[in-house]
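Have a look at input_10.csv below; it lists CSV, C-alpha atoms.
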chain,number,residue,atom,x,y,z
A,1,MET,CA,0.0,0.0,0.0
A,2,SER,CA,1.2,3.4,-1.0
A,3,THR,CA,-0.2,6.7,0.3
A,4,SER,CA,0.8,10.0,-1.1
A,5,THR,CA,1.1,13.0,1.2
A,6,GLU,CA,-0.7,15.1,-1.4
A,7,SER,CA,-4.1,16.3,-0.6
A,8,SER,CA,-6.9,14.4,-2.3
A,9,ILE,CA,-9.0,17.5,-2.7
A,10,ARG,CA,-9.2,19.4,-6.1
A,11,THR,CA,-7.9,22.9,-5.5
A,12,ALA,CA,-8.9,25.9,-7.6
A,13,MET,CA,-5.9,28.1,-8.3
A,14,GLN,CA,-6.6,31.8,-8.2
A,15,SER,CA,-5.2,34.7,-10.1
A,16,PRO,CA,-6.5,38.3,-10.2
A,17,HIS,CA,-5.2,38.5,-13.7
A,18,ILE,CA,-7.8,36.0,-15.0
A,19,PRO,CA,-11.4,37.2,-15.4
A,20,ALA,CA,-13.9,35.3,-13.2
A,21,PRO,CA,-15.5,32.5,-15.3
A,22,ARG,CA,-19.0,33.1,-16.6
A,23,PHE,CA,-19.9,29.5,-16.0
A,24,ARG,CA,-19.3,26.8,-13.4
A,25,TYR,CA,-15.7,25.8,-14.2
A,26,SER,CA,-12.4,26.7,-12.7
A,27,PRO,CA,-9.8,28.5,-14.8
A,28,CYS,CA,-7.0,26.4,-13.2
A,29,VAL,CA,-7.3,23.4,-10.9
A,30,ARG,CA,-4.7,21.3,-9.2
A,31,ILE,CA,-4.8,17.7,-8.1
A,32,GLY,CA,-1.5,16.3,-6.8
A,33,PHE,CA,1.2,17.0,-9.4
A,34,ASN,CA,-1.3,17.9,-12.1
A,35,TYR,CA,-2.3,21.5,-12.9
A,36,GLN,CA,-4.9,21.9,-15.5
A,37,VAL,CA,-5.8,25.2,-17.1
A,38,SER,CA,-9.2,25.4,-18.9
A,39,GLY,CA,-9.3,26.4,-22.5
A,40,MET,CA,-8.6,30.1,-22.7
A,41,VAL,CA,-9.9,32.6,-25.2
A,42,ALA,CA,-8.4,36.0,-25.7
A,43,LEU,CA,-10.2,38.1,-23.1
A,44,ASP,CA,-8.8,41.5,-22.2
A,45,PRO,CA,-8.5,41.3,-18.4
A,46,ALA,CA,-9.5,45.0,-18.0
A,47,SER,CA,-12.6,45.1,-20.1
A,48,GLY,CA,-13.5,41.4,-20.1
A,49,LYS,CA,-14.1,41.6,-23.8
A,50,LEU,CA,-12.6,39.4,-26.6
A,51,GLU,CA,-9.5,40.8,-28.3
A,52,THR,CA,-10.5,42.0,-31.7
A,53,GLY,CA,-7.2,41.8,-33.7
A,54,GLY,CA,-7.7,38.4,-35.2
A,55,PRO,CA,-5.9,35.1,-34.7
A,56,GLY,CA,-2.4,36.4,-34.1
A,57,ALA,CA,-3.6,39.1,-31.6
A,58,GLU,CA,-5.8,36.6,-29.9
A,59,THR,CA,-2.9,34.1,-29.5
A,60,THR,CA,-0.7,36.9,-28.1
A,61,ARG,CA,-3.4,37.9,-25.6
A,62,ILE,CA,-4.0,34.3,-24.4
A,63,LEU,CA,-0.3,33.7,-23.9
A,64,SER,CA,0.1,37.0,-22.2
A,65,ASN,CA,-2.8,36.3,-19.8
A,66,LEU,CA,-1.3,32.9,-19.0
A,67,GLN,CA,2.1,34.4,-18.2
A,68,LEU,CA,0.5,36.9,-15.9
A,69,ALA,CA,-1.3,34.2,-14.0
A,70,LEU,CA,1.5,31.6,-13.8
A,71,PRO,CA,3.2,33.1,-10.7
A,72,ASP,CA,-0.2,33.2,-8.9
A,73,TYR,CA,-0.7,29.5,-9.8
A,74,GLY,CA,2.8,28.7,-8.6
A,75,LEU,CA,3.8,27.5,-12.0
A,76,SER,CA,6.4,28.3,-14.6
A,77,LEU,CA,6.4,27.8,-18.4
A,78,ASP,CA,9.1,25.1,-17.9
A,79,GLU,CA,6.4,22.9,-16.3
A,80,LEU,CA,4.0,23.1,-19.3
A,81,LEU,CA,3.5,19.6,-20.7
A,82,ILE,CA,1.3,20.4,-23.7
A,83,ALA,CA,-0.7,23.2,-25.2
A,84,ARG,CA,-3.8,22.3,-27.3
A,85,ILE,CA,-4.6,25.0,-29.9
A,86,TYR,CA,-8.1,25.0,-31.4
A,87,THR,CA,-8.7,27.5,-34.1
A,88,THR,CA,-11.5,28.4,-36.5
A,89,ARG,CA,-8.9,30.0,-38.7
A,90,MET,CA,-6.5,27.3,-39.7
A,91,ASP,CA,-5.8,29.4,-42.8
A,92,ALA,CA,-4.2,31.9,-40.5
A,93,PHE,CA,-2.1,29.4,-38.6
A,94,SER,CA,1.1,31.3,-39.6
A,95,GLU,CA,-0.1,34.3,-37.5
A,96,ILE,CA,-0.9,32.0,-34.5
A,97,ASN,CA,2.5,30.4,-34.9
A,98,ALA,CA,4.3,33.7,-35.0
A,99,ALA,CA,2.7,34.8,-31.8
A,100,TRP,CA,3.6,31.5,-30.2
A,101,GLU,CA,7.2,31.8,-31.2
A,102,THR,CA,7.7,35.1,-29.4
A,103,ILE,CA,7.1,33.2,-26.2
A,104,PHE,CA,8.5,29.8,-27.0
A,105,ASN,CA,11.9,30.8,-28.5
A,106,ASP,CA,15.3,29.3,-28.5
A,107,GLY,CA,16.0,29.5,-24.8
A,108,LEU,CA,13.5,26.8,-23.8
A,109,VAL,CA,12.8,23.2,-24.6
A,110,PRO,CA,9.4,23.7,-26.2
A,111,PRO,CA,6.3,21.8,-24.8
A,112,ALA,CA,4.3,19.3,-26.8
A,113,ARG,CA,1.6,20.9,-28.9
A,114,THR,CA,-1.5,19.8,-30.8
A,115,SER,CA,-3.3,22.0,-33.3
A,116,VAL,CA,-6.8,21.4,-34.6
A,117,GLY,CA,-9.1,23.4,-36.9
A,118,VAL,CA,-12.6,23.6,-35.5
A,119,SER,CA,-16.0,25.0,-36.5
A,120,ALA,CA,-16.8,27.3,-33.5
A,121,LEU,CA,-15.4,28.5,-30.2
A,122,PRO,CA,-16.9,30.2,-27.1
A,123,LEU,CA,-17.7,33.9,-27.4
A,124,GLY,CA,-17.0,33.8,-31.1
A,125,ALA,CA,-13.2,33.5,-30.6
A,126,SER,CA,-11.0,32.3,-33.4
A,127,VAL,CA,-8.4,30.8,-31.1
A,128,GLU,CA,-8.7,28.8,-27.9
A,129,ILE,CA,-5.7,27.2,-26.1
A,130,GLU,CA,-5.8,24.7,-23.3
A,131,PHE,CA,-2.7,24.1,-21.1
A,132,SER,CA,-1.7,21.1,-19.1
A,133,PHE,CA,1.1,21.5,-16.5
A,134,VAL,CA,2.8,18.9,-14.4
A,135,LYS,CA,5.1,19.5,-11.5
A,136,SER,CA,7.4,16.6,-10.8
A,137,SER,CA,8.5,18.0,-7.4
A,138,VAL,CA,5.8,19.5,-5.2
A,139,SER,CA,6.0,20.9,-1.7
A,140,VAL,CA,2.8,20.6,0.3
B,1,MET,CA,16.6,6.0,-8.6
B,2,SER,CA,12.9,6.2,-7.6
B,3,THR,CA,10.5,3.3,-7.9
B,4,SER,CA,6.8,3.7,-7.4
B,5,THR,CA,4.8,1.0,-5.8
B,6,GLU,CA,2.1,1.5,-8.4
B,7,SER,CA,1.5,-1.2,-11.0
B,8,SER,CA,3.0,-0.5,-14.4
B,9,ILE,CA,0.1,-2.2,-16.1
B,10,ARG,CA,-2.7,-0.3,-17.7
B,11,THR,CA,-5.9,-1.4,-16.1
B,12,ALA,CA,-9.4,-1.2,-17.8
B,13,MET,CA,-11.9,-0.1,-15.2
B,14,GLN,CA,-15.3,-1.8,-15.5
B,15,SER,CA,-18.8,-0.6,-14.9
B,16,PRO,CA,-22.1,-2.5,-15.8
B,17,HIS,CA,-23.6,1.0,-16.2
B,18,ILE,CA,-21.5,1.7,-19.3
B,19,PRO,CA,-22.4,0.0,-22.6
B,20,ALA,CA,-19.6,-2.2,-24.0
B,21,PRO,CA,-17.6,-0.3,-26.5
B,22,ARG,CA,-18.3,-1.1,-30.2
B,23,PHE,CA,-14.6,-0.6,-31.0
B,24,ARG,CA,-11.2,-1.5,-29.5
B,25,TYR,CA,-10.9,1.1,-26.8
B,26,SER,CA,-11.6,1.0,-23.1
B,27,PRO,CA,-14.3,3.3,-21.6
B,28,CYS,CA,-12.0,4.0,-18.6
B,29,VAL,CA,-8.4,3.1,-18.0
B,30,ARG,CA,-6.1,3.6,-15.1
B,31,ILE,CA,-2.3,4.0,-15.0
B,32,GLY,CA,-1.0,4.9,-11.5
B,33,PHE,CA,-2.7,8.0,-10.3
B,34,ASN,CA,-4.4,8.8,-13.7
B,35,TYR,CA,-7.8,7.7,-14.6
B,36,GLN,CA,-8.9,8.5,-18.1
B,37,VAL,CA,-12.5,8.2,-19.4
B,38,SER,CA,-12.9,8.0,-23.1
B,39,GLY,CA,-15.0,10.6,-24.9
B,40,MET,CA,-18.6,9.7,-24.0
B,41,VAL,CA,-21.7,10.3,-26.2
B,42,ALA,CA,-25.2,10.1,-24.8
B,43,LEU,CA,-26.1,6.4,-25.0
B,44,ASP,CA,-29.1,5.1,-23.1
B,45,PRO,CA,-27.6,2.2,-21.1
B,46,ALA,CA,-30.8,0.2,-21.5
B,47,SER,CA,-31.3,0.4,-25.2
B,48,GLY,CA,-27.7,1.3,-26.3
B,49,LYS,CA,-29.3,4.0,-28.5
B,50,LEU,CA,-28.3,7.7,-28.6
B,51,GLU,CA,-30.5,10.0,-26.6
B,52,THR,CA,-32.8,12.0,-28.9
B,53,GLY,CA,-33.6,15.1,-26.9
B,54,GLY,CA,-30.9,17.4,-28.3
B,55,PRO,CA,-27.8,18.9,-26.8
B,56,GLY,CA,-29.2,19.6,-23.3
B,57,ALA,CA,-30.7,16.1,-23.0
B,58,GLU,CA,-27.5,14.5,-24.3
B,59,THR,CA,-25.4,16.4,-21.8
B,60,THR,CA,-27.7,15.3,-19.0
B,61,ARG,CA,-27.4,11.7,-20.1
B,62,ILE,CA,-23.6,11.7,-20.4
B,63,LEU,CA,-23.3,13.2,-16.9
B,64,SER,CA,-25.8,10.8,-15.5
B,65,ASN,CA,-24.0,7.8,-17.1
B,66,LEU,CA,-20.7,9.0,-15.7
B,67,GLN,CA,-22.1,9.4,-12.2
B,68,LEU,CA,-23.5,5.9,-12.3
B,69,ALA,CA,-20.1,4.5,-13.3
B,70,LEU,CA,-17.9,6.4,-10.9
B,71,PRO,CA,-18.4,4.2,-7.9
B,72,ASP,CA,-17.5,1.2,-10.0
B,73,TYR,CA,-14.4,3.0,-11.2
B,74,GLY,CA,-13.5,3.9,-7.6
B,75,LEU,CA,-13.7,7.6,-8.4
B,76,SER,CA,-15.7,10.6,-7.2
B,77,LEU,CA,-16.5,13.9,-9.0
B,78,ASP,CA,-14.1,15.6,-6.6
B,79,GLU,CA,-11.2,13.9,-8.4
B,80,LEU,CA,-12.3,15.2,-11.9
B,81,LEU,CA,-9.4,17.3,-13.2
B,82,ILE,CA,-11.0,18.5,-16.5
B,83,ALA,CA,-13.9,17.8,-18.7
B,84,ARG,CA,-13.5,18.5,-22.5
B,85,ILE,CA,-16.8,19.2,-24.2
B,86,TYR,CA,-17.1,18.8,-27.9
B,87,THR,CA,-20.3,19.9,-29.6
B,88,THR,CA,-21.7,20.3,-33.1
B,89,ARG,CA,-24.2,22.7,-31.6
B,90,MET,CA,-22.2,25.6,-30.1
B,91,ASP,CA,-25.4,27.6,-30.9
B,92,ALA,CA,-27.1,25.6,-28.2
B,93,PHE,CA,-24.3,25.9,-25.6
B,94,SER,CA,-26.7,27.4,-23.1
B,95,GLU,CA,-28.6,24.1,-23.0
B,96,ILE,CA,-25.4,22.2,-22.5
B,97,ASN,CA,-24.4,24.6,-19.8
B,98,ALA,CA,-27.7,24.3,-17.9
B,99,ALA,CA,-27.4,20.6,-17.8
B,100,TRP,CA,-23.8,20.9,-16.6
B,101,GLU,CA,-24.9,23.2,-13.8
B,102,THR,CA,-27.3,20.8,-12.3
B,103,ILE,CA,-24.3,18.6,-11.5
B,104,PHE,CA,-21.6,21.1,-10.9
B,105,ASN,CA,-23.4,23.5,-8.5
B,106,ASP,CA,-22.3,25.6,-5.6
B,107,GLY,CA,-21.3,22.9,-3.2
B,108,LEU,CA,-18.2,21.8,-5.2
B,109,VAL,CA,-15.1,23.5,-6.5
B,110,PRO,CA,-15.7,23.0,-10.2
B,111,PRO,CA,-13.2,21.2,-12.4
B,112,ALA,CA,-11.4,22.8,-15.4
B,113,ARG,CA,-13.4,22.7,-18.6
B,114,THR,CA,-12.6,23.2,-22.3
B,115,SER,CA,-15.5,23.7,-24.8
B,116,VAL,CA,-15.0,23.4,-28.5
B,117,GLY,CA,-17.4,23.5,-31.5
B,118,VAL,CA,-16.7,20.7,-33.9
B,119,SER,CA,-18.1,19.4,-37.2
B,120,ALA,CA,-19.1,15.8,-36.5
B,121,LEU,CA,-19.2,13.4,-33.6
B,122,PRO,CA,-19.5,9.6,-33.4
B,123,LEU,CA,-23.0,8.1,-33.9
B,124,GLY,CA,-24.3,11.5,-35.0
B,125,ALA,CA,-24.2,12.8,-31.5
B,126,SER,CA,-24.3,16.6,-30.9
B,127,VAL,CA,-22.3,16.4,-27.6
B,128,GLU,CA,-19.3,14.4,-26.6
B,129,ILE,CA,-17.5,14.8,-23.3
B,130,GLU,CA,-14.1,13.4,-22.2
B,131,PHE,CA,-13.2,13.3,-18.5
B,132,SER,CA,-9.7,13.2,-17.0
B,133,PHE,CA,-9.5,12.2,-13.3
B,134,VAL,CA,-6.5,12.2,-11.0
B,135,LYS,CA,-6.2,10.6,-7.6
B,136,SER,CA,-3.5,12.1,-5.5
B,137,SER,CA,-3.7,9.4,-2.9
B,138,VAL,CA,-4.0,5.8,-4.1
B,139,SER,CA,-4.0,2.6,-2.2
B,140,VAL,CA,-2.6,-0.4,-4.1
C,1,MET,CA,6.3,18.4,2.8
C,2,SER,CA,6.9,15.9,0.1
C,3,THR,CA,9.6,16.1,-2.5
C,4,SER,CA,9.8,13.8,-5.5
C,5,THR,CA,13.1,12.6,-6.7
C,6,GLU,CA,12.0,13.2,-10.3
C,7,SER,CA,13.6,16.0,-12.1
C,8,SER,CA,11.6,19.2,-12.4
C,9,ILE,CA,12.9,19.9,-15.9
C,10,ARG,CA,10.8,19.2,-19.0
C,11,THR,CA,12.7,16.8,-21.2
C,12,ALA,CA,12.3,16.6,-24.9
C,13,MET,CA,12.4,12.9,-25.9
C,14,GLN,CA,14.2,12.3,-29.2
C,15,SER,CA,13.7,9.7,-31.9
C,16,PRO,CA,15.4,9.6,-35.3
C,17,HIS,CA,12.2,8.1,-36.7
C,18,ILE,CA,10.2,11.3,-36.2
C,19,PRO,CA,10.7,14.2,-38.6
C,20,ALA,CA,12.1,17.3,-36.9
C,21,PRO,CA,9.1,19.6,-36.2
C,22,ARG,CA,8.7,22.6,-38.5
C,23,PHE,CA,7.6,24.8,-35.6
C,24,ARG,CA,8.6,25.4,-32.0
C,25,TYR,CA,7.1,22.4,-30.2
C,26,SER,CA,8.5,19.1,-29.1
C,27,PRO,CA,7.2,15.8,-30.7
C,28,CYS,CA,7.4,14.2,-27.2
C,29,VAL,CA,8.1,15.6,-23.8
C,30,ARG,CA,8.4,14.1,-20.4
C,31,ILE,CA,7.7,15.6,-17.0
C,32,GLY,CA,7.9,13.1,-14.1
C,33,PHE,CA,5.7,10.2,-14.9
C,34,ASN,CA,3.9,11.9,-17.8
C,35,TYR,CA,5.0,11.5,-21.4
C,36,GLN,CA,3.1,13.6,-23.9
C,37,VAL,CA,3.2,13.1,-27.6
C,38,SER,CA,2.2,16.1,-29.8
C,39,GLY,CA,-0.6,15.6,-32.3
C,40,MET,CA,0.8,13.5,-35.1
C,41,VAL,CA,-0.2,13.7,-38.8
C,42,ALA,CA,0.9,11.0,-41.3
C,43,LEU,CA,4.3,12.1,-42.4
C,44,ASP,CA,6.5,9.7,-44.3
C,45,PRO,CA,9.7,9.7,-42.3
C,46,ALA,CA,11.8,9.3,-45.5
C,47,SER,CA,10.3,12.1,-47.6
C,48,GLY,CA,8.7,14.3,-44.9
C,49,LYS,CA,5.6,14.4,-47.0
C,50,LEU,CA,2.0,13.6,-46.0
C,51,GLU,CA,0.8,10.1,-46.7
C,52,THR,CA,-1.6,10.3,-49.7
C,53,GLY,CA,-3.7,7.2,-49.3
C,54,GLY,CA,-6.6,8.7,-47.4
C,55,PRO,CA,-7.8,8.3,-43.7
C,56,GLY,CA,-7.0,4.6,-43.3
C,57,ALA,CA,-3.5,4.9,-44.8
C,58,GLU,CA,-2.9,8.0,-42.7
C,59,THR,CA,-3.9,6.2,-39.5
C,60,THR,CA,-1.7,3.3,-40.4
C,61,ARG,CA,1.3,5.7,-41.0
C,62,ILE,CA,0.7,7.6,-37.7
C,63,LEU,CA,0.6,4.4,-35.7
C,64,SER,CA,3.6,3.0,-37.5
C,65,ASN,CA,5.6,6.1,-36.9
C,66,LEU,CA,4.6,6.1,-33.2
C,67,GLN,CA,5.6,2.4,-32.8
C,68,LEU,CA,9.0,3.2,-34.4
C,69,ALA,CA,9.6,6.0,-32.0
C,70,LEU,CA,8.4,4.3,-28.8
C,71,PRO,CA,11.7,2.4,-28.0
C,72,ASP,CA,13.6,5.7,-28.4
C,73,TYR,CA,11.1,7.4,-26.0
C,74,GLY,CA,11.5,4.5,-23.5
C,75,LEU,CA,7.8,3.8,-23.8
C,76,SER,CA,5.6,0.8,-24.7
C,77,LEU,CA,2.1,0.7,-26.0
C,78,ASP,CA,1.1,-0.7,-22.6
C,79,GLU,CA,1.7,2.7,-21.1
C,80,LEU,CA,-0.6,4.6,-23.5
C,81,LEU,CA,-3.4,6.2,-21.4
C,82,ILE,CA,-5.4,7.7,-24.2
C,83,ALA,CA,-5.3,8.5,-27.9
C,84,ARG,CA,-7.3,11.5,-29.2
C,85,ILE,CA,-8.3,11.1,-32.8
C,86,TYR,CA,-9.2,14.2,-34.8
C,87,THR,CA,-10.5,13.7,-38.3
C,88,THR,CA,-11.9,15.8,-41.1
C,89,ARG,CA,-13.4,12.5,-42.5
C,90,MET,CA,-15.7,11.2,-39.9
C,91,ASP,CA,-17.6,9.7,-42.8
C,92,ALA,CA,-14.6,7.4,-43.3
C,93,PHE,CA,-14.2,6.4,-39.6
C,94,SER,CA,-14.5,2.7,-40.4
C,95,GLU,CA,-11.2,3.0,-42.3
C,96,ILE,CA,-9.6,4.7,-39.4
C,97,ASN,CA,-10.9,2.1,-37.1
C,98,ALA,CA,-9.7,-0.8,-39.2
C,99,ALA,CA,-6.2,0.6,-39.2
C,100,TRP,CA,-6.4,1.1,-35.4
C,101,GLU,CA,-7.5,-2.5,-34.9
C,102,THR,CA,-4.5,-3.9,-36.6
C,103,ILE,CA,-2.4,-2.5,-33.7
C,104,PHE,CA,-4.9,-2.6,-30.8
C,105,ASN,CA,-6.0,-6.2,-31.1
C,106,ASP,CA,-7.1,-8.9,-28.7
C,107,GLY,CA,-3.8,-9.3,-26.9
C,108,LEU,CA,-3.8,-6.0,-25.2
C,109,VAL,CA,-6.1,-4.0,-22.8
C,110,PRO,CA,-7.0,-1.1,-25.2
C,111,PRO,CA,-6.3,2.5,-24.1
C,112,ALA,CA,-9.0,5.1,-23.7
C,113,ARG,CA,-9.9,6.9,-27.0
C,114,THR,CA,-11.7,10.0,-28.0
C,115,SER,CA,-12.8,10.6,-31.6
C,116,VAL,CA,-13.9,14.0,-32.9
C,117,GLY,CA,-14.8,15.3,-36.4
C,118,VAL,CA,-13.0,18.6,-37.1
C,119,SER,CA,-12.9,21.1,-39.9
C,120,ALA,CA,-9.2,21.3,-40.7
C,121,LEU,CA,-5.9,19.8,-39.7
C,122,PRO,CA,-2.3,20.8,-40.2
C,123,LEU,CA,-0.7,20.2,-43.6
C,124,GLY,CA,-4.1,19.3,-45.0
C,125,ALA,CA,-4.1,16.0,-43.2
C,126,SER,CA,-7.4,14.1,-42.7
C,127,VAL,CA,-6.3,12.4,-39.5
C,128,GLU,CA,-4.3,13.7,-36.5
C,129,ILE,CA,-3.8,11.6,-33.4
C,130,GLU,CA,-2.4,12.8,-30.0
C,131,PHE,CA,-1.1,10.3,-27.5
C,132,SER,CA,-0.8,10.6,-23.7
C,133,PHE,CA,1.4,8.1,-21.9
C,134,VAL,CA,1.9,7.6,-18.2
C,135,LYS,CA,4.6,5.5,-16.5
C,136,SER,CA,3.7,4.5,-13.1
C,137,SER,CA,7.2,3.3,-12.2
C,138,VAL,CA,10.1,5.4,-13.4
C,139,SER,CA,13.8,5.1,-12.8
C,140,VAL,CA,15.7,8.3,-12.9

Output the file's structure as structure tokens, nothing else.
Amino acid sequence: MSTSTESSIRTAMQSPHIPAPRFRYSPCVRIGFNYQVSGMVALDPASGKLETGGPGAETTRILSNLQLALPDYGLSLDELLIARIYTTRMDAFSEINAAWETIFNDGLVPPARTSVGVSALPLGASVEIEFSFVKSSVSV
Amino acid sequence: MSTSTESSIRTAMQSPHIPAPRFRYSPCVRIGFNYQVSGMVALDPASGKLETGGPGAETTRILSNLQLALPDYGLSLDELLIARIYTTRMDAFSEINAAWETIFNDGLVPPARTSVGVSALPLGASVEIEFSFVKSSVSV
Amino acid sequence: MSTSTESSIRTAMQSPHIPAPRFRYSPCVRIGFNYQVSGMVALDPASGKLETGGPGAETTRILSNLQLALPDYGLSLDELLIARIYTTRMDAFSEINAAWETIFNDGLVPPARTSVGVSALPLGASVEIEFSFVKSSVSV
């Protein structure tokens, strides 16, 4: 028998940089070593409105919002396992990719990534990104 | 060197409440602390047929089937890390959300959630939901 | 306080059987017990070009490429938690499934699986599959 010292309770991680969700889900939850960020669309944290500059600008906003929240979540980009990119504008993937590469540049082993073209996203967004983090060393 | 006492064998979790899959996948598998439920569509456990009441009724059925199976899987909703909702009817998302909120209500820290509008789902379903659970304390 | 002996650094796993990515992501990364393979499309490892035989042939190629890479990643199919299949050709799902069943046949507890019909995939592929592996016993 093996018993972890981790709590068995799902914890909602909080950041003032992330708008309160409109529905009943948590923007980021932790269970044990796993930290899961819900699919993010490009909301301006000040106005709560969707970024209007198209796929590249939306991607920049999502990644910027994530980076603002990470210290509050106790996470760093080094602990990102995979990003899942959903877009209604696969034709504009080069824009999405250019925004991505401003963050994930040569100094860092990049995470895994899956990119899928979809038919609709919440709030009429053209890009949504979900992030899965894993900590392999956790203090509790 | 670190060796877990967890089994290294993937285990298929069984529930009589879940129809046998028509293809070669497992409805729920466990490896170590991770329990992964395959994408579920709204099958009536009695008839094996797809629920016909539209996106809201399908969501209710999926969540109801999951809740019936959880005790057999040795899981509780508290251990749900994220639900991924795929729908061909993003226009009816309010129905999906209303069904969701009957389960995930004020008494519980809600899990992470990602919602994506897609073009087609198995068996002509309008809603499919995938569930990832993590146990942070496991007896073996 | 609990401290794992696992490294906290994300590691990119390498295989000569997988074409170098065209963008800034890693084909397979490891953090602790989690090994995440990025969404794969059916590239011929020799030519780097997309398989042209349609959904069934693409699925066969993806699974074949994965199987070639697994020993380099230090993984086996027994450690596959879930495969996520995205396809623009849900109408041809029987082809995809037939290719799947040549690998996941009766000798193995099958993994979890989620199948979703989407509107577009990278490089004009008709099938993309993402693989999440978990090791429950890891030597470091």

| message | Using all atoms listed in the file and a cut-off of 9 Å, which residues of chain A sit close to chain C? Please list them as a count of residues only. | response | 39

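Environment of (-1.0, 2.2, -40.7): residues at most 10 Å away, judged by all atoms listed in the file, are Ala42, Pro55, Gly56, Ala57, Glu58, Thr59, Thr60, Arg61, Ile62, Leu63, Ser64, Asn65, Ile96, Ala98, Ala99, Trp100, Glu101, Thr102 and Ile103 of chain C.
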
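As for CA of Pro21 in chain C and CA of Ser94 in chain A, they are spaced 14.6 Å apart.
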
| query | Can you tell me how far CA of Gly53 in chain C sits from CA of Leu77 in chain C, in Å to one decimal? | reply | 24.9 Å

| task | May I ask for the distance between CA of Gly54 in chain A and CA of Val41 in chain A, given in Å to one decimal place? | result | 11.8 Å

Write out as an mmCIF file with C-alpha atoms, in the frame of the given file which residues come within 12 Å of Leu68 in chain B when counting all atoms listed in the file, dropping same-chain ones fewer than 2 positions away.
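The new file around_30.cif reads:
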data_model
loop_
_atom_site.group_PDB
_atom_site.id
_atom_site.type_symbol
_atom_site.label_atom_id
_atom_site.label_comp_id
_atom_site.auth_asym_id
_atom_site.auth_seq_id
_atom_site.Cartn_x
_atom_site.Cartn_y
_atom_site.Cartn_z
ATOM 1 C CA GLN B 14 -15.300 -1.800 -15.500
ATOM 2 C CA SER B 15 -18.800 -0.600 -14.900
ATOM 3 C CA PRO B 16 -22.100 -2.500 -15.800
ATOM 4 C CA HIS B 17 -23.600 1.000 -16.200
ATOM 5 C CA ILE B 18 -21.500 1.700 -19.300
ATOM 6 C CA PRO B 19 -22.400 0.000 -22.600
ATOM 7 C CA PRO B 45 -27.600 2.200 -21.100
ATOM 8 C CA ARG B 61 -27.400 11.700 -20.100
ATOM 9 C CA ILE B 62 -23.600 11.700 -20.400
ATOM 10 C CA LEU B 63 -23.300 13.200 -16.900
ATOM 11 C CA SER B 64 -25.800 10.800 -15.500
ATOM 12 C CA ASN B 65 -24.000 7.800 -17.100
ATOM 13 C CA LEU B 66 -20.700 9.000 -15.700
ATOM 14 C CA LEU B 70 -17.900 6.400 -10.900
ATOM 15 C CA PRO B 71 -18.400 4.200 -7.900
ATOM 16 C CA ASP B 72 -17.500 1.200 -10.000
ATOM 17 C CA TYR B 73 -14.400 3.000 -11.200
ATOM 18 C CA GLY B 74 -13.500 3.900 -7.600
ATOM 19 C CA LEU B 75 -13.700 7.600 -8.400
ATOM 20 C CA SER B 76 -15.700 10.600 -7.200
ATOM 21 C CA LEU B 77 -16.500 13.900 -9.000
#
